[in-house]
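K.L.:
Structure file data_7.cif (mmCIF, C-alpha atoms) is given on the next line.
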```cif
data_model
loop_
_atom_site.label_atom_id
_atom_site.label_comp_id
_atom_site.auth_asym_id
_atom_site.auth_seq_id
_atom_site.Cartn_x
_atom_site.Cartn_y
_atom_site.Cartn_z
CA MET J 1 78.56 70.36 163.45
CA SER J 2 81.33 71.47 165.68
CA THR J 3 85.05 70.93 165.76
CA PHE J 4 86.62 67.74 167.01
CA VAL J 5 90.21 66.84 167.84
CA TYR J 6 92.22 63.83 166.72
CA MET J 7 93.85 62.93 170.03
CA THR J 8 96.72 61.06 168.37
CA ARG J 9 97.75 64.19 166.45
CA CYS J 10 97.21 66.86 169.14
CA ASP J 11 100.27 67.82 171.17
CA GLY J 12 98.46 70.23 173.51
CA CYS J 13 100.20 73.38 172.19
CA GLY J 14 97.13 75.54 172.89
CA HIS J 15 97.04 77.55 169.65
CA CYS J 16 93.37 76.60 169.25
CA VAL J 17 92.63 77.78 172.78
CA ASP J 18 94.24 81.18 172.15
CA ILE J 19 92.41 81.84 168.88
CA CYS J 20 88.90 80.47 169.55
CA PRO J 21 86.50 83.44 169.47
CA SER J 22 83.83 81.65 171.50
CA ASP J 23 86.31 80.36 174.13
CA ILE J 24 85.19 76.74 173.86
CA MET J 25 88.52 75.09 173.01
CA HIS J 26 90.33 74.05 176.18
CA ILE J 27 93.27 71.84 177.10
CA ASP J 28 92.07 68.85 179.13
CA GLU J 29 94.20 68.75 182.29
CA THR J 30 94.15 64.94 182.47
CA ILE J 31 95.14 64.01 178.92
CA ARG J 32 96.86 67.32 177.96
CA ARG J 33 95.02 67.49 174.65
CA ALA J 34 92.63 70.05 173.15
CA VAL J 35 88.91 69.54 173.66
CA ASN J 36 85.82 71.39 172.48
CA ILE J 37 83.97 71.79 175.79
CA GLU J 38 80.74 73.24 174.31
CA PRO J 39 80.17 71.78 170.82
CA ASN J 40 76.75 73.45 170.52
CA PHE J 41 78.36 76.88 170.80
CA CYS J 42 80.93 76.33 168.03
CA TRP J 43 80.74 79.10 165.43
CA GLU J 44 82.39 76.88 162.82
CA CYS J 45 84.72 79.75 161.98
CA TYR J 46 87.63 77.34 161.33
CA SER J 47 90.04 79.53 163.33
CA CYS J 48 91.21 76.59 165.45
CA VAL J 49 91.45 74.32 162.40
CA LYS J 50 93.68 76.79 160.57
CA ALA J 51 95.78 77.63 163.64
CA CYS J 52 96.59 74.03 164.60
CA PRO J 53 100.20 73.25 163.59
CA GLN J 54 99.56 69.50 163.93
CA ASN J 55 96.42 69.41 161.72
CA ALA J 56 94.71 67.74 164.65
CA ILE J 57 91.37 69.58 164.45
CA ASP J 58 88.64 68.84 161.94
CA VAL J 59 85.13 70.16 161.46
CA ARG J 60 82.13 69.38 159.32
CA GLY J 61 81.75 72.01 156.62
CA TYR J 62 78.74 74.18 155.97
CA ALA J 63 75.94 72.48 154.05
CA ASP J 64 75.91 75.18 151.37
CA PHE J 65 79.31 74.17 150.02
CA ALA J 66 79.68 70.61 151.29
CA PRO J 67 76.48 68.57 151.78
CA MET J 68 76.05 65.73 154.24
CA GLY J 69 78.42 62.81 153.91
CA HIS J 70 81.48 64.85 153.04
CA SER J 71 84.79 65.64 154.70
CA VAL J 72 86.76 68.87 154.86
CA ARG J 73 90.50 68.95 155.54
CA VAL J 74 92.50 72.11 156.01
CA LEU J 75 96.26 72.39 155.72
CA ARG J 76 98.03 75.59 156.74
CA GLU J 77 101.49 75.80 155.21
CA GLU J 78 103.39 78.72 156.73
CA GLU J 79 106.46 78.26 154.52
CA LYS J 80 104.34 78.53 151.36
CA GLY J 81 102.07 81.21 152.81
CA THR J 82 98.94 79.24 151.87
CA ILE J 83 95.92 77.50 153.34
CA SER J 84 94.69 74.51 151.34
CA TRP J 85 91.12 73.23 151.64
CA LYS J 86 90.22 69.74 150.44
CA VAL J 87 86.50 69.00 150.25
CA LYS J 88 85.56 65.40 149.53
CA PHE J 89 81.92 64.83 148.63
CA ARG J 90 80.04 61.63 149.40
CA ASN J 91 79.95 60.69 145.70
CA GLY J 92 83.78 60.63 145.70
CA LYS J 93 84.41 63.93 143.92
CA GLU J 94 87.01 66.24 145.41
CA LYS J 95 87.39 70.00 145.29
CA ASN J 96 90.66 71.62 146.28
CA PHE J 97 91.09 75.30 147.12
CA VAL J 98 94.28 77.20 147.89
CA SER J 99 94.20 80.64 149.49
CA PRO J 100 96.92 82.96 150.76
CA ILE J 101 97.37 83.23 154.53
CA THR J 102 96.07 86.62 155.56
CA THR J 103 96.30 86.27 159.33
CA LYS J 104 99.16 87.77 161.31
CA PRO J 105 101.97 85.62 162.79
CA TRP J 106 101.62 84.22 166.32
CA GLY J 107 103.16 86.25 169.11
CA LYS J 108 103.93 89.30 166.99
CA HIS J 109 100.42 90.57 166.19
CA ILE J 110 98.22 88.06 168.01
CA PRO J 111 98.81 88.35 171.76
CA LYS J 112 98.66 85.26 173.91
CA LEU J 113 95.96 86.18 176.37
CA ALA J 114 97.45 83.89 179.01
CA ASP J 115 100.52 86.18 179.08
CA LYS J 116 98.42 89.31 179.73
CA GLU J 117 97.46 90.62 183.14
CA LEU J 118 93.98 89.77 184.35
CA PRO J 119 91.54 92.63 183.77
CA ASP J 120 90.22 94.55 186.75
CA LYS J 121 86.51 94.66 187.67
CA GLU J 122 85.97 97.93 185.78
CA ALA J 123 87.38 96.45 182.57
CA LEU J 124 85.26 93.31 182.94
CA ASN J 125 82.10 95.40 183.31
CA SER J 126 82.99 97.66 180.38
CA GLN J 127 81.34 97.33 176.99
CA LEU J 128 84.78 97.55 175.34
CA LEU J 129 86.51 94.47 173.99
CA PHE J 130 90.01 93.39 175.06
CA SER J 131 91.97 95.47 172.56
CA GLU J 132 89.67 98.50 172.40
CA PRO J 133 90.12 101.47 172.20
CA ASN J 134 93.70 100.90 170.95
CA THR J 135 92.72 98.96 167.84
CA LEU J 136 89.96 101.44 167.02
CA ASN J 137 92.49 104.29 167.11
CA ILE J 138 90.39 106.31 169.53
CA GLU J 139 91.57 107.99 172.70
CA THR J 140 88.62 107.18 174.92
CA GLY J 141 85.97 104.53 175.24
CA LEU J 142 82.65 104.39 173.47
CA PRO J 143 80.15 107.19 174.12
CA GLU J 144 77.63 106.67 176.87
CA LEU J 145 74.00 106.54 175.73
CA LYS J 146 71.21 107.73 177.99
CA LYS J 147 67.75 106.15 178.12
CA GLU J 148 66.19 109.41 176.95
CA GLN J 149 68.15 109.18 173.70
CA PHE J 150 66.66 105.75 172.92
CA LYS J 151 63.12 107.01 173.50
CA LYS J 152 63.63 109.97 171.17
CA GLY J 153 65.54 107.97 168.57
CA VAL J 154 68.64 110.19 168.90
CA TYR J 155 71.84 108.16 169.17
CA TYR J 156 74.56 110.75 168.60
#
```
Let me see whether you can do it: turn the structure in this file into structure tokens.
P.N.:
Amino acid sequence: MSTFVYMTRCDGCGHCVDICPSDIMHIDETIRRAVNIEPNFCWECYSCVKACPQNAIDVRGYADFAPMGHSVRVLREEEKGTISWKVKFRNGKEKNFVSPITTKPWGKHIPKLADKELPDKEALNSQLLFSEPNTLNIETGLPELKKEQFKKGVYY
């Protein structure tokens, strides 16, 4: 199952929009609240759930650790440096997990893409991701592969 937003808790801050790797969290222009526009494409990575300062986003957990009929709540507590997971099973049992926050702070290490310049056509057609090659610590882009190399099985 995909993420869903509690409209009464969401304040439209956009943290979920900035962090969503599949770009499916958007701010609805009419109600100014977050919305998952393509639920079928949700990776269930919990990035938006953990990033939401209002605890307004929830998601059904994976069946391997929380079978049908359960609920999963996530609470990110910056001041404590922890993320708490509360899994409630359909038989009433609860499991609680606490993990340290390992992500970087907003704005310092995670750029807000809306503040960046739009990429040019060459960048859009490139096979490099937004932050490459800088984050790979390489001077140039990825090596070009020729069709002949694929036929011969030589990739370097």
K.L.:
The PyMOL selection byres ((chain J and resi 52) around 10) on the file shown: which residues, as a list in words?
P.N.:
Cys10, Asp11, Gly12, Cys13, Gly14, His15, Cys16, Val17, Ile19, Ser47, Cys48, Val49, Lys50, Ala51, Pro53, Gln54, Asn55, Ala56, Ile57, Asp58, Val74, Leu75 and Arg76 of chain J
K.L.:
Give as a VMD selection string the residues that the PyMOL selection byres ((chain J and resi 25) around 9) matches when applied to the coordinates above.
P.N.:
chain J and resid 14 16 to 20 22 to 24 26 to 27 34 to 38 48
K.L.:
What's the separation between atom CA of Trp85 of chain J and atom CA of Tyr6 of chain J, in Å to one decimal place?
P.N.:
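Computed distance, atom CA of Trp85 of chain J to atom CA of Tyr6 of chain J, equals 17.8 Å.
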K.L.:
Measure the distance from atom CA of Arg33 of chain J to atom CA of Met7 of chain J in Å and round it to one decimal.
P.N.:
6.6 Å
K.L.:
Given all atoms listed in the file as the basis, pick out the residue of J:Gly92, J:Pro39, J:Pro21, J:Pro100 nearest to Lys80 of chain J.
P.N.:
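Result for the nearest residue to Lys80 of chain J: J:Pro100.
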K.L.:
Just how far from atom CA of Asp28 of chain J is atom CA of Leu129 of chain J, in Å to one decimal?
P.N.:
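If I compute the distance from atom CA of Leu129 of chain J to atom CA of Asp28 of chain J, I get 26.7 Å.
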K.L.:
Between J:Val87, J:Thr3, J:Ile31, J:Ser71, which one has atoms that come closest to Val59 of chain J, using only C-alpha atoms?
P.N.:
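Checking each candidate against Val59 of chain J, we get J:Thr3 as the closest.
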K.L.:
Of the candidates J:Glu77, J:Val5, J:His70, J:Thr102, which one gets nearest to Arg90 of chain J if we count all atoms listed in the file?
P.N.:
J:His70
K.L.:
So, with all atoms listed in the file as the atoms that count, which of J:Ser2, J:Ser99, J:Ser126, J:Thr30 lies closest to Tyr46 of chain J?
P.N.:
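Closest candidate: J:Ser2.
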K.L.:
Which protein, DNA or RNA residues are at most 8 Å from (89.5, 63.7, 152.3) in the file's coordinates when you count only C-alpha atoms, listed as a PyMOL selection string?
P.N.:
chain J and resi 71-73+86-88+94
K.L.:
Next, dump the selected residues to file, keeping only C-alpha atoms, as a tab-separated table (two decimals), keeping the file's coordinate frame.
P.N.:
```tsv
chain	number	residue	atom	x	y	z
J	71	SER	CA	84.79	65.64	154.70
J	72	VAL	CA	86.76	68.87	154.86
J	73	ARG	CA	90.50	68.95	155.54
J	86	LYS	CA	90.22	69.74	150.44
J	87	VAL	CA	86.50	69.00	150.25
J	88	LYS	CA	85.56	65.40	149.53
J	94	GLU	CA	87.01	66.24	145.41
```
